[in-house]
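K.L.:
This is target34.txt, which holds compact mmCIF, C-alpha atoms:
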```txt
# COMPACT_ATOMS: atom_id res chain seq x y z
CA MET A 27 20.92 -7.27 -6.39
CA PRO A 28 21.77 -8.25 -9.98
CA GLU A 29 23.43 -5.77 -12.31
CA THR A 30 20.58 -5.92 -14.86
CA VAL A 31 17.16 -6.24 -13.32
CA ARG A 32 15.42 -7.48 -16.47
CA ASP A 33 17.83 -10.38 -16.78
CA GLU A 34 17.28 -11.47 -13.17
CA LEU A 35 13.65 -10.73 -12.38
CA ALA A 36 13.18 -13.70 -10.06
CA GLU A 37 16.44 -13.00 -8.20
CA THR A 38 15.42 -9.36 -7.70
CA ARG A 39 11.98 -10.28 -6.44
CA ARG A 40 13.42 -12.87 -4.06
CA GLU A 41 15.91 -10.40 -2.61
CA PHE A 42 13.04 -8.10 -1.70
CA HIS A 43 11.03 -11.05 -0.41
CA ARG A 44 13.72 -12.06 2.09
CA TYR A 45 13.44 -8.87 4.10
CA PRO A 46 9.93 -7.35 4.15
CA GLU A 47 9.49 -4.26 6.28
CA PRO A 48 6.24 -2.72 7.55
CA ALA A 49 4.77 0.68 6.71
CA TRP A 50 7.06 3.70 7.23
CA ARG A 51 9.83 1.32 8.34
CA GLU A 52 11.00 0.18 4.88
CA PHE A 53 14.59 1.29 5.53
CA TYR A 54 16.55 -1.64 4.09
CA THR A 55 14.02 -2.01 1.29
CA THR A 56 14.62 1.61 0.26
CA HIS A 57 18.37 0.97 0.49
CA LEU A 58 18.02 -1.90 -2.00
CA LEU A 59 15.88 0.23 -4.30
CA VAL A 60 18.35 3.11 -4.26
CA GLU A 61 21.25 0.75 -5.00
CA ALA A 62 19.38 -0.59 -8.02
CA LEU A 63 18.29 2.84 -9.22
CA GLU A 64 21.82 4.18 -9.02
CA ARG A 65 23.05 1.24 -11.12
CA ILE A 66 20.31 1.83 -13.69
CA GLY A 67 21.06 5.55 -13.76
CA VAL A 68 18.24 8.07 -13.47
CA ASP A 69 18.10 11.83 -13.95
CA GLU A 70 16.66 12.55 -10.53
CA LEU A 71 16.36 10.44 -7.41
CA ALA A 72 14.58 11.67 -4.29
CA VAL A 73 14.38 9.78 -1.00
CA GLY A 74 12.20 10.42 2.02
CA PRO A 75 11.77 14.13 2.81
CA ASP A 76 13.13 15.05 -0.61
CA ALA A 77 10.33 13.03 -2.20
CA TYR A 78 7.40 14.29 -0.08
CA ASP A 79 6.54 16.40 2.95
CA PRO A 80 6.85 14.20 6.08
CA ASP A 81 3.99 16.15 7.66
CA ASP A 82 1.65 14.77 4.98
CA ARG A 83 2.22 11.15 6.08
CA MET A 84 -0.69 9.22 7.56
CA ALA A 85 -0.73 6.22 9.91
CA VAL A 86 2.82 6.86 11.15
CA PRO A 87 3.84 4.24 13.77
CA ASP A 88 5.26 5.05 17.19
CA ASP A 89 8.88 6.12 17.56
CA ASP A 90 10.01 2.92 19.27
CA SER A 91 8.82 0.75 16.41
CA VAL A 92 10.41 3.03 13.82
CA GLU A 93 13.71 3.03 15.72
CA ARG A 94 13.74 -0.75 16.05
CA TRP A 95 13.43 -1.29 12.29
CA PHE A 96 15.91 1.54 11.66
CA GLU A 97 18.54 -0.23 13.74
CA ARG A 98 17.74 -3.58 12.14
CA ALA A 99 18.40 -2.03 8.72
CA ARG A 100 21.67 -0.58 9.98
CA ASP A 101 22.72 -3.99 11.30
CA ARG A 102 21.80 -5.56 7.96
CA GLY A 103 24.15 -3.21 6.14
CA ALA A 104 22.04 -0.35 4.83
CA ASP A 105 23.96 2.73 3.72
CA PRO A 106 24.44 4.97 6.81
CA GLU A 107 24.02 8.24 4.90
CA LEU A 108 20.82 6.98 3.30
CA LEU A 109 19.54 5.86 6.69
CA ASP A 110 20.18 9.33 8.10
CA ALA A 111 18.10 10.78 5.26
CA MET A 112 15.23 8.47 6.24
CA ALA A 113 15.41 9.13 9.99
CA GLY A 114 12.02 9.18 11.67
CA GLY A 115 10.47 6.78 9.17
CA ASN A 116 10.68 8.83 5.98
CA THR A 117 11.11 5.87 3.66
CA GLY A 118 10.46 5.34 -0.04
CA ALA A 119 11.85 6.94 -3.18
CA ILE A 120 10.87 8.64 -6.42
CA ALA A 121 12.96 8.19 -9.58
CA VAL A 122 12.76 10.33 -12.72
CA LEU A 123 13.88 9.73 -16.28
CA ASP A 124 13.88 12.85 -18.44
CA ARG A 125 14.00 12.04 -22.14
CA GLY A 126 13.14 15.32 -23.81
CA GLU A 127 9.91 16.49 -25.42
CA GLY A 128 6.92 14.31 -24.80
CA PRO A 129 4.28 13.49 -22.18
CA THR A 130 4.94 13.01 -18.49
CA VAL A 131 4.01 9.52 -17.33
CA GLY A 132 3.78 8.35 -13.73
CA LEU A 133 4.05 4.79 -12.44
CA ARG A 134 3.37 3.84 -8.84
CA VAL A 135 4.53 0.64 -7.11
CA ASP A 136 4.22 -0.05 -3.39
CA ILE A 137 7.02 -1.36 -1.18
CA ASP A 138 5.80 -2.37 2.31
CA GLY A 139 5.21 -5.78 3.84
CA LEU A 140 2.68 -7.10 6.35
CA PHE A 141 2.87 -8.31 9.94
CA ILE A 142 2.33 -11.96 8.98
CA GLU A 143 4.78 -14.71 9.87
CA GLU A 144 5.55 -16.58 6.68
CA SER A 145 4.94 -20.32 6.43
CA SER A 146 7.90 -22.66 6.77
CA ALA A 147 6.03 -25.60 5.24
CA ASP A 148 7.93 -27.76 2.78
CA ASP A 149 5.34 -27.13 0.06
CA HIS A 150 5.65 -23.33 0.38
CA ALA A 151 8.02 -22.35 -2.43
CA PRO A 152 9.86 -19.48 -0.66
CA ALA A 153 10.65 -21.84 2.24
CA ALA A 154 11.58 -24.76 -0.01
CA GLU A 155 13.76 -22.64 -2.30
CA GLY A 156 15.51 -20.58 0.36
CA PHE A 157 14.01 -17.10 0.10
CA ARG A 158 11.45 -17.14 2.93
CA SER A 159 11.20 -13.97 5.02
CA GLU A 160 14.10 -13.69 7.46
CA THR A 161 12.48 -11.22 9.87
CA GLY A 162 10.40 -13.73 11.82
CA GLU A 163 7.39 -11.42 11.95
CA THR A 164 6.75 -9.86 8.55
CA MET A 165 6.06 -11.10 5.03
CA HIS A 166 5.48 -9.88 1.51
CA ALA A 167 2.04 -11.47 1.54
CA CYS A 168 0.52 -9.12 -1.04
CA GLY A 169 3.07 -9.17 -3.84
CA HIS A 170 4.81 -5.87 -3.22
CA ASP A 171 8.13 -7.63 -3.84
CA ALA A 172 6.90 -8.28 -7.39
CA HIS A 173 5.66 -4.70 -7.71
CA MET A 174 9.07 -3.26 -6.82
CA THR A 175 10.70 -5.60 -9.33
CA TRP A 176 8.31 -4.35 -12.00
CA GLY A 177 9.05 -0.73 -11.13
CA LEU A 178 12.81 -1.16 -11.44
CA ALA A 179 12.71 -3.33 -14.56
CA THR A 180 10.20 -1.09 -16.33
CA LEU A 181 12.29 1.99 -15.62
CA GLU A 182 15.33 0.16 -16.94
CA ALA A 183 13.46 -0.92 -20.08
CA ILE A 184 12.12 2.57 -20.76
CA LYS A 185 15.60 4.02 -20.37
CA ASP A 186 16.87 1.63 -23.05
CA SER A 187 13.92 2.31 -25.39
CA ASP A 188 13.01 5.11 -27.79
CA PHE A 189 10.72 6.70 -25.18
CA ALA A 190 10.47 10.48 -25.47
CA GLY A 191 9.12 12.36 -22.48
CA ARG A 192 9.38 12.16 -18.72
CA LEU A 193 8.84 9.05 -16.59
CA VAL A 194 8.28 9.36 -12.84
CA VAL A 195 8.29 6.15 -10.81
CA PHE A 196 6.87 6.35 -7.29
CA PHE A 197 8.23 3.66 -4.96
CA GLN A 198 5.57 4.28 -2.34
CA PRO A 199 5.77 3.29 1.32
CA ALA A 200 2.90 2.41 3.63
CA GLU A 201 0.26 1.21 1.20
CA GLU A 202 -1.00 -1.45 3.59
CA THR A 203 -1.94 1.23 6.12
CA SER A 204 -3.10 3.72 3.45
CA GLY A 205 -0.47 6.08 4.75
CA GLY A 206 1.85 6.78 1.81
CA GLY A 207 -0.31 7.62 -1.19
CA TYR A 208 -1.40 11.02 0.09
CA PRO A 209 2.08 12.52 0.67
CA MET A 210 3.29 11.31 -2.71
CA ALA A 211 0.20 12.71 -4.41
CA ARG A 212 0.85 16.11 -2.81
CA SER A 213 4.52 16.14 -3.82
CA ARG A 214 5.98 18.19 -6.66
CA PHE A 215 6.63 14.96 -8.55
CA ALA A 216 2.88 14.43 -9.01
CA GLU A 217 2.49 17.80 -10.75
CA GLY A 218 1.91 17.81 -14.48
CA LEU A 219 1.43 14.09 -15.00
CA ASP A 220 -0.32 13.50 -18.31
CA TYR A 221 -0.74 9.78 -17.70
CA PHE A 222 -0.56 7.67 -14.57
CA LEU A 223 -0.43 3.91 -14.03
CA ALA A 224 -0.62 1.85 -10.86
CA VAL A 225 -0.36 -1.93 -10.85
CA HIS A 226 -1.08 -4.97 -8.69
CA VAL A 227 -0.26 -8.65 -9.04
CA GLY A 228 -2.82 -11.42 -8.81
CA LEU A 229 -5.99 -10.48 -6.94
CA ASP A 230 -7.54 -13.79 -8.05
CA HIS A 231 -6.68 -13.22 -11.71
CA PRO A 232 -4.58 -16.14 -13.05
CA THR A 233 -1.24 -16.16 -14.83
CA GLY A 234 -1.72 -14.97 -18.40
CA GLU A 235 -4.61 -12.63 -17.63
CA VAL A 236 -4.35 -8.84 -17.53
CA VAL A 237 -7.01 -6.41 -16.32
CA ALA A 238 -6.40 -3.11 -18.09
CA GLY A 239 -8.12 -0.96 -15.47
CA ILE A 240 -10.02 -1.38 -12.23
CA GLU A 241 -13.38 0.15 -11.43
CA ARG A 242 -15.16 0.85 -8.18
CA PRO A 243 -12.36 0.65 -5.62
CA LEU A 244 -13.86 1.34 -2.21
CA ALA A 245 -13.11 4.62 -0.47
CA MET A 246 -11.97 3.79 3.05
CA CYS A 247 -10.67 5.09 6.37
CA HIS A 248 -8.83 3.55 9.32
CA VAL A 249 -10.07 4.70 12.73
CA ASP A 250 -8.46 4.36 16.17
CA ALA A 251 -10.58 5.09 19.25
CA THR A 252 -9.88 5.25 22.97
CA ILE A 253 -12.61 5.21 25.60
CA ARG A 254 -11.72 6.48 29.06
CA GLY A 255 -13.81 5.78 32.15
CA THR A 256 -13.21 5.51 35.90
CA SER A 257 -11.77 2.48 37.67
CA ALA A 258 -13.30 1.07 40.86
CA HIS A 259 -13.34 -2.11 42.92
CA ALA A 260 -15.73 -4.46 41.16
CA GLY A 261 -16.87 -6.10 44.40
CA LYS A 262 -16.71 -3.34 46.99
CA ALA A 263 -17.84 -0.26 45.04
CA PRO A 264 -18.87 -1.04 41.45
CA GLN A 265 -21.18 1.98 41.52
CA ASP A 266 -18.15 4.26 41.66
CA GLY A 267 -16.83 3.09 38.29
CA ASP A 268 -17.53 4.25 34.76
CA ASN A 269 -17.02 1.07 32.81
CA ALA A 270 -15.03 1.59 29.63
CA MET A 271 -15.44 -2.08 28.73
CA GLN A 272 -19.23 -1.78 28.76
CA ALA A 273 -18.95 1.28 26.57
CA LEU A 274 -16.68 -0.67 24.23
CA GLY A 275 -19.22 -3.47 23.94
CA THR A 276 -22.00 -1.01 23.20
CA ALA A 277 -19.87 0.75 20.60
CA ILE A 278 -19.02 -2.51 18.81
CA GLN A 279 -22.61 -3.74 18.76
CA ASN A 280 -23.98 -0.42 17.56
CA ALA A 281 -21.28 0.01 14.92
CA TYR A 282 -22.65 -3.02 13.11
CA ALA A 283 -26.13 -1.51 13.34
CA ILE A 284 -25.24 1.69 11.47
CA PRO A 285 -27.95 2.10 8.80
CA ARG A 286 -27.09 1.35 5.22
CA HIS A 287 -27.44 4.19 2.70
CA GLU A 288 -29.76 4.51 -0.30
CA ASP A 289 -26.95 5.80 -2.52
CA GLY A 290 -24.89 2.63 -2.35
CA MET A 291 -22.84 0.14 -0.38
CA THR A 292 -21.10 0.93 2.91
CA ARG A 293 -19.09 -1.27 5.23
CA VAL A 294 -17.95 -0.95 8.83
CA ASN A 295 -15.72 -3.32 10.76
CA VAL A 296 -14.13 -3.36 14.20
CA GLY A 297 -11.01 -5.40 13.71
CA LYS A 298 -9.31 -5.15 17.10
CA ALA A 299 -10.51 -4.29 20.62
CA SER A 300 -9.04 -4.50 24.09
CA SER A 301 -9.96 -3.44 27.61
CA GLY A 302 -9.46 -4.23 31.27
CA THR A 303 -6.71 -5.23 33.65
CA ALA A 304 -8.19 -7.72 36.15
CA SER A 305 -11.44 -9.50 37.04
CA ASN A 306 -12.03 -7.35 40.11
CA VAL A 307 -11.39 -3.95 38.51
CA ILE A 308 -13.91 -1.84 36.62
CA ALA A 309 -12.12 -1.12 33.33
CA GLU A 310 -11.07 2.49 33.03
CA ARG A 311 -9.84 2.28 29.42
CA ALA A 312 -10.78 0.54 26.19
CA ASP A 313 -9.22 0.72 22.73
CA LEU A 314 -10.54 -0.26 19.35
CA VAL A 315 -9.30 -0.25 15.79
CA ALA A 316 -11.93 -0.03 13.08
CA GLU A 317 -12.52 0.90 9.47
CA ALA A 318 -15.27 2.33 7.33
CA ARG A 319 -15.64 1.91 3.57
CA GLY A 320 -17.98 3.20 0.93
CA GLU A 321 -18.78 2.65 -2.71
CA THR A 322 -18.01 6.34 -3.20
CA THR A 323 -15.93 8.83 -1.25
CA GLU A 324 -19.16 10.48 -0.07
CA LEU A 325 -20.54 7.17 1.22
CA MET A 326 -17.27 6.51 3.08
CA GLU A 327 -17.61 9.94 4.69
CA TYR A 328 -21.13 9.01 5.77
CA ALA A 329 -19.98 5.72 7.31
CA LYS A 330 -16.99 7.39 8.96
CA GLY A 331 -19.19 10.07 10.51
CA ARG A 332 -21.71 7.55 11.82
CA LEU A 333 -18.95 5.32 13.21
CA THR A 334 -17.38 8.25 15.04
CA GLU A 335 -20.76 9.30 16.42
CA THR A 336 -21.53 5.73 17.51
CA VAL A 337 -18.32 5.38 19.54
CA GLU A 338 -18.72 8.79 21.16
CA THR A 339 -22.37 8.15 22.05
CA ALA A 340 -21.62 4.71 23.48
CA ALA A 341 -18.97 6.22 25.71
CA GLU A 342 -21.36 8.93 26.91
CA MET A 343 -24.04 6.33 27.72
CA HIS A 344 -21.69 4.73 30.26
CA GLY A 345 -20.30 7.93 31.74
CA CYS A 346 -17.09 7.72 29.74
CA GLU A 347 -15.36 9.89 27.15
CA ALA A 348 -14.13 8.81 23.72
CA THR A 349 -11.36 10.08 21.50
CA VAL A 350 -11.69 9.05 17.87
CA GLU A 351 -8.85 9.55 15.39
CA VAL A 352 -8.92 8.94 11.65
CA VAL A 353 -5.37 7.70 11.10
CA SER A 354 -5.57 7.29 7.32
CA GLU A 355 -8.01 7.26 4.44
CA SER A 356 -8.23 7.04 0.67
CA PRO A 357 -10.79 8.15 -1.93
CA ARG A 358 -12.44 6.29 -4.78
CA ALA A 359 -10.95 6.84 -8.22
CA ASP A 360 -11.84 4.85 -11.34
CA SER A 361 -9.62 4.06 -14.32
CA ASP A 362 -10.11 6.27 -17.38
CA PRO A 363 -11.52 4.37 -20.40
CA GLU A 364 -9.12 6.03 -22.86
CA LEU A 365 -6.07 4.81 -20.93
CA VAL A 366 -7.67 1.42 -20.27
CA ASP A 367 -7.85 0.96 -24.05
CA VAL A 368 -4.14 1.74 -24.41
CA VAL A 369 -3.18 -0.77 -21.71
CA ALA A 370 -5.47 -3.42 -23.20
CA ASP A 371 -3.96 -3.00 -26.67
CA ALA A 372 -0.44 -3.15 -25.25
CA ALA A 373 -1.23 -6.28 -23.24
CA ARG A 374 -2.65 -8.10 -26.25
CA GLY A 375 0.76 -7.91 -27.93
CA VAL A 376 2.71 -9.31 -24.95
CA GLU A 377 3.91 -12.90 -25.05
CA GLY A 378 2.35 -14.93 -22.27
CA VAL A 379 -0.85 -12.89 -22.11
CA ASP A 380 -3.77 -15.04 -23.24
CA THR A 381 -6.68 -13.07 -21.76
CA VAL A 382 -7.20 -9.32 -21.57
CA VAL A 383 -10.07 -8.10 -19.40
CA PRO A 384 -10.80 -4.43 -20.13
CA THR A 385 -12.15 -3.59 -16.67
CA ALA A 386 -13.02 -5.37 -13.41
CA ASP A 387 -14.35 -4.35 -10.03
CA PHE A 388 -11.59 -3.99 -7.48
CA GLY A 389 -13.69 -4.80 -4.42
CA ALA A 390 -11.12 -3.45 -1.95
CA SER A 391 -9.33 -0.16 -1.28
CA GLU A 392 -6.07 1.41 -2.44
CA ASP A 393 -4.33 4.69 -1.62
CA ALA A 394 -2.92 4.93 -5.15
CA THR A 395 -6.29 6.57 -5.71
CA PHE A 396 -4.85 9.78 -4.23
CA LEU A 397 -2.40 9.92 -7.14
CA MET A 398 -5.08 8.92 -9.64
CA GLU A 399 -7.38 11.63 -8.32
CA ARG A 400 -4.73 14.34 -8.54
CA VAL A 401 -3.87 13.41 -12.12
CA GLN A 402 -7.51 13.26 -13.18
CA GLU A 403 -8.43 16.54 -11.52
CA ALA A 404 -5.63 18.22 -13.49
CA GLY A 405 -6.93 16.83 -16.79
CA GLY A 406 -4.69 13.76 -17.07
CA LEU A 407 -5.62 10.11 -17.44
CA ALA A 408 -5.08 7.32 -14.92
CA SER A 409 -5.49 3.55 -14.85
CA TYR A 410 -4.89 0.91 -12.21
CA LEU A 411 -4.11 -2.40 -13.88
CA ILE A 412 -3.81 -5.97 -12.63
CA VAL A 413 -1.31 -8.51 -13.93
CA GLY A 414 -2.62 -11.95 -13.07
CA THR A 415 -0.63 -14.61 -11.29
CA ASP A 416 -1.39 -18.06 -10.00
CA HIS A 417 -1.17 -17.79 -6.22
CA PRO A 418 -1.66 -20.92 -4.11
CA THR A 419 -3.58 -19.10 -1.38
CA SER A 420 -5.17 -15.70 -1.07
CA HIS A 421 -3.39 -12.42 -0.46
CA HIS A 422 -2.57 -11.61 3.17
CA THR A 423 -2.03 -15.25 4.13
CA GLU A 424 1.10 -17.00 5.39
CA THR A 425 1.35 -19.14 2.26
CA PHE A 426 0.81 -16.44 -0.38
CA ASP A 427 3.22 -16.60 -3.31
CA VAL A 428 3.38 -15.47 -6.94
CA ASP A 429 4.01 -17.32 -10.17
CA GLU A 430 7.33 -15.83 -11.23
CA ARG A 431 6.38 -16.18 -14.90
CA SER A 432 4.21 -13.12 -14.25
CA LEU A 433 7.26 -10.96 -13.56
CA ALA A 434 8.28 -10.70 -17.20
CA THR A 435 4.66 -10.26 -18.25
CA GLY A 436 4.21 -7.29 -15.94
CA VAL A 437 7.37 -5.58 -17.18
CA GLU A 438 6.34 -5.96 -20.80
CA VAL A 439 2.77 -4.76 -20.25
CA LEU A 440 3.92 -1.69 -18.32
CA THR A 441 6.74 -0.88 -20.74
CA GLU A 442 4.57 -1.15 -23.82
CA SER A 443 1.77 0.86 -22.21
CA ILE A 444 4.18 3.69 -21.35
CA ARG A 445 5.77 3.65 -24.79
CA SER A 446 2.32 3.66 -26.41
CA VAL A 447 1.07 6.78 -24.63
CA ALA A 448 4.36 8.51 -25.37
CA THR A 449 4.10 7.67 -29.06
CA ASP A 450 0.40 7.72 -29.84
CA GLY A 451 -1.30 9.23 -26.79
CA ALA A 452 -4.59 7.93 -25.46
```
Please render this file's structure as structure tokens.

P.N.:
Amino acid sequence: MPETVRDELAETRREFHRYPEPAWREFYTTHLLVEALERIGVDELAVGPDAYDPDDRMAVPDDDSVERWFERARDRGADPELLDAMAGGNTGAIAVLDRGEGPTVGLRVDIDGLFIEESSADDHAPAAEGFRSETGETMHACGHDAHMTWGLATLEAIKDSDFAGRLVVFFQPAEETSGGGYPMARSRFAEGLDYFLAVHVGLDHPTGEVVAGIERPLAMCHVDATIRGTSAHAGKAPQDGDNAMQALGTAIQNAYAIPRHEDGMTRVNVGKASSGTASNVIAERADLVAEARGETTELMEYAKGRLTETVETAAEMHGCEATVEVVSESPRADSDPELVDVVADAARGVEGVDTVVPTADFGASEDATFLMERVQEAGGLASYLIVGTDHPTSHHTETFDVDERSLATGVEVLTESIRSVATDGA
């Protein structure tokens, strides 16, 4: 890591890009963040269980997977004491700058990667320029490497500015599984935030464009289900079996037939399903991974309830039993117009920004909404902004990349927005 983040934005981003780690396994990533934060110098730094209650985590992976990434981070050179503090998958950090009287401002950036093997094609810049993912199975295919760079550089810039107040930067794990926003929103660090910003790179907005606040993010939930039946010989005694695979097929077909709702849009998808062991065995188990989304939190709850009911009923139809678990979820929360105006004004004064879009539909889901919701319910203001970047292919693809010119733009927009609310309010 460079000594001054703002002077080496591309180098910082590339360092994160080389070693992406999945949700609740961001051990080496947190190590790099803590190293940088200690060089910058903050008034409070909390890691893992000191930053949130581990019992509040959602979508926590199995112990074997956590341990494997833990040992990989140890082998890569992560600080042993820091690793011990993150044991069990308690990754991520929260950094605080306390600069006297003034408002309390929160900034959230996410830190996890995705299980996508990054392209090694000659025309893929990270491969051509030597900073392609080194893990062989994961990738920063959604720009979280840029987000972390923004978080560090913005904190550094605010420390060196005339900012008066308190800045809390949430380096949040497990965004891709919607598992980390809730524990951070319930932490003591989310108390008393007057203003809150979250940020994303790209999302089909080009370099030079800034969206000051998103609207209509979809509330969502991730659902895991297991159907258990009775095995039997498929040729000799098929009547003795309770076919979990048949139940799975019925559940999938009926999930897509869940009625729409008059109050707005809902979505349901079964993204992964498996069942069976051999051609001559009645399947005794089936597993599926699904999601439900809604235009509002209430509509998501409707879709979630109907999805759960559909799986359970399908199992019952075939003499089986179903267990349905909601592993994570996030609510809808819209950006506040007053804070959107502040971000828009700040962005208009940043070199390299040629288009400012006040608001835009998000069209997807985000667990930063837990933090937004907590701030808004307490009377504060929140906005989720987008800093555009030219990306050659879409997010969550093996050839995703960012235009590194957007790194400086993001730092300036965030820094000026934070300084503006501290000086003039919203």

K.L.:
Which neighbours of Val237 (chain A) fall inside 12 Å, counting all atoms listed in the file, when residues of the same chain fewer than 5 positions from it are skipped, and could you give them as a ChimeraX atom specification?

P.N.:
/A:224-232,361,366-374,379-388,409-415,436,439

K.L.:
Which is closest to Ser187 (chain A) among A:Thr130, A:Asp450, A:Arg125, A:Glu347, if we use all atoms listed in the file?

P.N.:
A:Arg125

K.L.:
Taking into account all atoms listed in the file, which residue in the set A:Ala273, A:Cys247, A:Val376, A:Leu223 is nearest to Glu317 (chain A)?

P.N.:
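Comparing A:Ala273, A:Cys247, A:Val376, A:Leu223 against Glu317 (chain A), the winner is A:Cys247.
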
K.L.:
With distances taken over only C-alpha atoms, which residue among A:Leu440, A:Leu178, A:Val135, A:Val447 lies nearest Phe196 (chain A)?

P.N.:
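With only C-alpha atoms as the atom set, the closest residue is A:Val135.
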
K.L.:
Would you mind telling me which residue in A:Met112, A:Leu181, A:Ala341, A:Ala329 lies nearest to Ala245 (chain A) when using all atoms listed in the file?

P.N.:
A:Ala329

K.L.:
One decimal, in Å: what's the spacing between CA of Val86 (chain A) and CA of Gly205 (chain A)?

P.N.:
7.2 Å

K.L.:
Hey, could you patch up region 341-352 of chain A with N, CA, C and O atoms and hand it over as an mmCIF file, in the frame of the given file?

P.N.:
```cif
data_model
loop_
_atom_site.group_PDB
_atom_site.id
_atom_site.type_symbol
_atom_site.label_atom_id
_atom_site.label_comp_id
_atom_site.auth_asym_id
_atom_site.auth_seq_id
_atom_site.Cartn_x
_atom_site.Cartn_y
_atom_site.Cartn_z
ATOM 1 N N ALA A 341 -19.749 5.798 24.553
ATOM 2 C CA ALA A 341 -18.970 6.220 25.710
ATOM 3 C C ALA A 341 -19.807 7.086 26.654
ATOM 4 O O ALA A 341 -19.813 6.885 27.879
ATOM 5 N N GLU A 342 -20.529 8.023 26.097
ATOM 6 C CA GLU A 342 -21.360 8.930 26.910
ATOM 7 C C GLU A 342 -22.424 8.159 27.680
ATOM 8 O O GLU A 342 -22.726 8.478 28.838
ATOM 9 N N MET A 343 -23.017 7.144 27.060
ATOM 10 C CA MET A 343 -24.040 6.330 27.720
ATOM 11 C C MET A 343 -23.546 5.724 29.021
ATOM 12 O O MET A 343 -24.322 5.534 29.971
ATOM 13 N N HIS A 344 -22.263 5.404 29.090
ATOM 14 C CA HIS A 344 -21.690 4.730 30.260
ATOM 15 C C HIS A 344 -20.821 5.666 31.095
ATOM 16 O O HIS A 344 -20.003 5.194 31.890
ATOM 17 N N GLY A 345 -21.025 6.963 30.927
ATOM 18 C CA GLY A 345 -20.300 7.930 31.740
ATOM 19 C C GLY A 345 -18.837 8.069 31.377
ATOM 20 O O GLY A 345 -18.032 8.528 32.195
ATOM 21 N N CYS A 346 -18.488 7.681 30.179
ATOM 22 C CA CYS A 346 -17.090 7.720 29.740
ATOM 23 C C CYS A 346 -16.910 8.796 28.669
ATOM 24 O O CYS A 346 -17.867 9.416 28.206
ATOM 25 N N GLU A 347 -15.675 8.980 28.245
ATOM 26 C CA GLU A 347 -15.360 9.890 27.150
ATOM 27 C C GLU A 347 -14.580 9.125 26.088
ATOM 28 O O GLU A 347 -13.783 8.236 26.406
ATOM 29 N N ALA A 348 -14.802 9.478 24.836
ATOM 30 C CA ALA A 348 -14.130 8.810 23.720
ATOM 31 C C ALA A 348 -13.331 9.795 22.897
ATOM 32 O O ALA A 348 -13.769 10.929 22.657
ATOM 33 N N THR A 349 -12.170 9.347 22.467
ATOM 34 C CA THR A 349 -11.360 10.080 21.500
ATOM 35 C C THR A 349 -11.255 9.235 20.248
ATOM 36 O O THR A 349 -10.807 8.081 20.306
ATOM 37 N N VAL A 350 -11.695 9.778 19.126
ATOM 38 C CA VAL A 350 -11.690 9.050 17.870
ATOM 39 C C VAL A 350 -10.753 9.751 16.895
ATOM 40 O O VAL A 350 -10.869 10.960 16.675
ATOM 41 N N GLU A 351 -9.826 8.990 16.331
ATOM 42 C CA GLU A 351 -8.850 9.550 15.390
ATOM 43 C C GLU A 351 -8.888 8.796 14.074
ATOM 44 O O GLU A 351 -8.808 7.565 14.057
ATOM 45 N N VAL A 352 -9.031 9.530 12.978
ATOM 46 C CA VAL A 352 -8.920 8.940 11.650
ATOM 47 C C VAL A 352 -7.431 8.948 11.293
ATOM 48 O O VAL A 352 -6.842 10.003 11.060
#
```
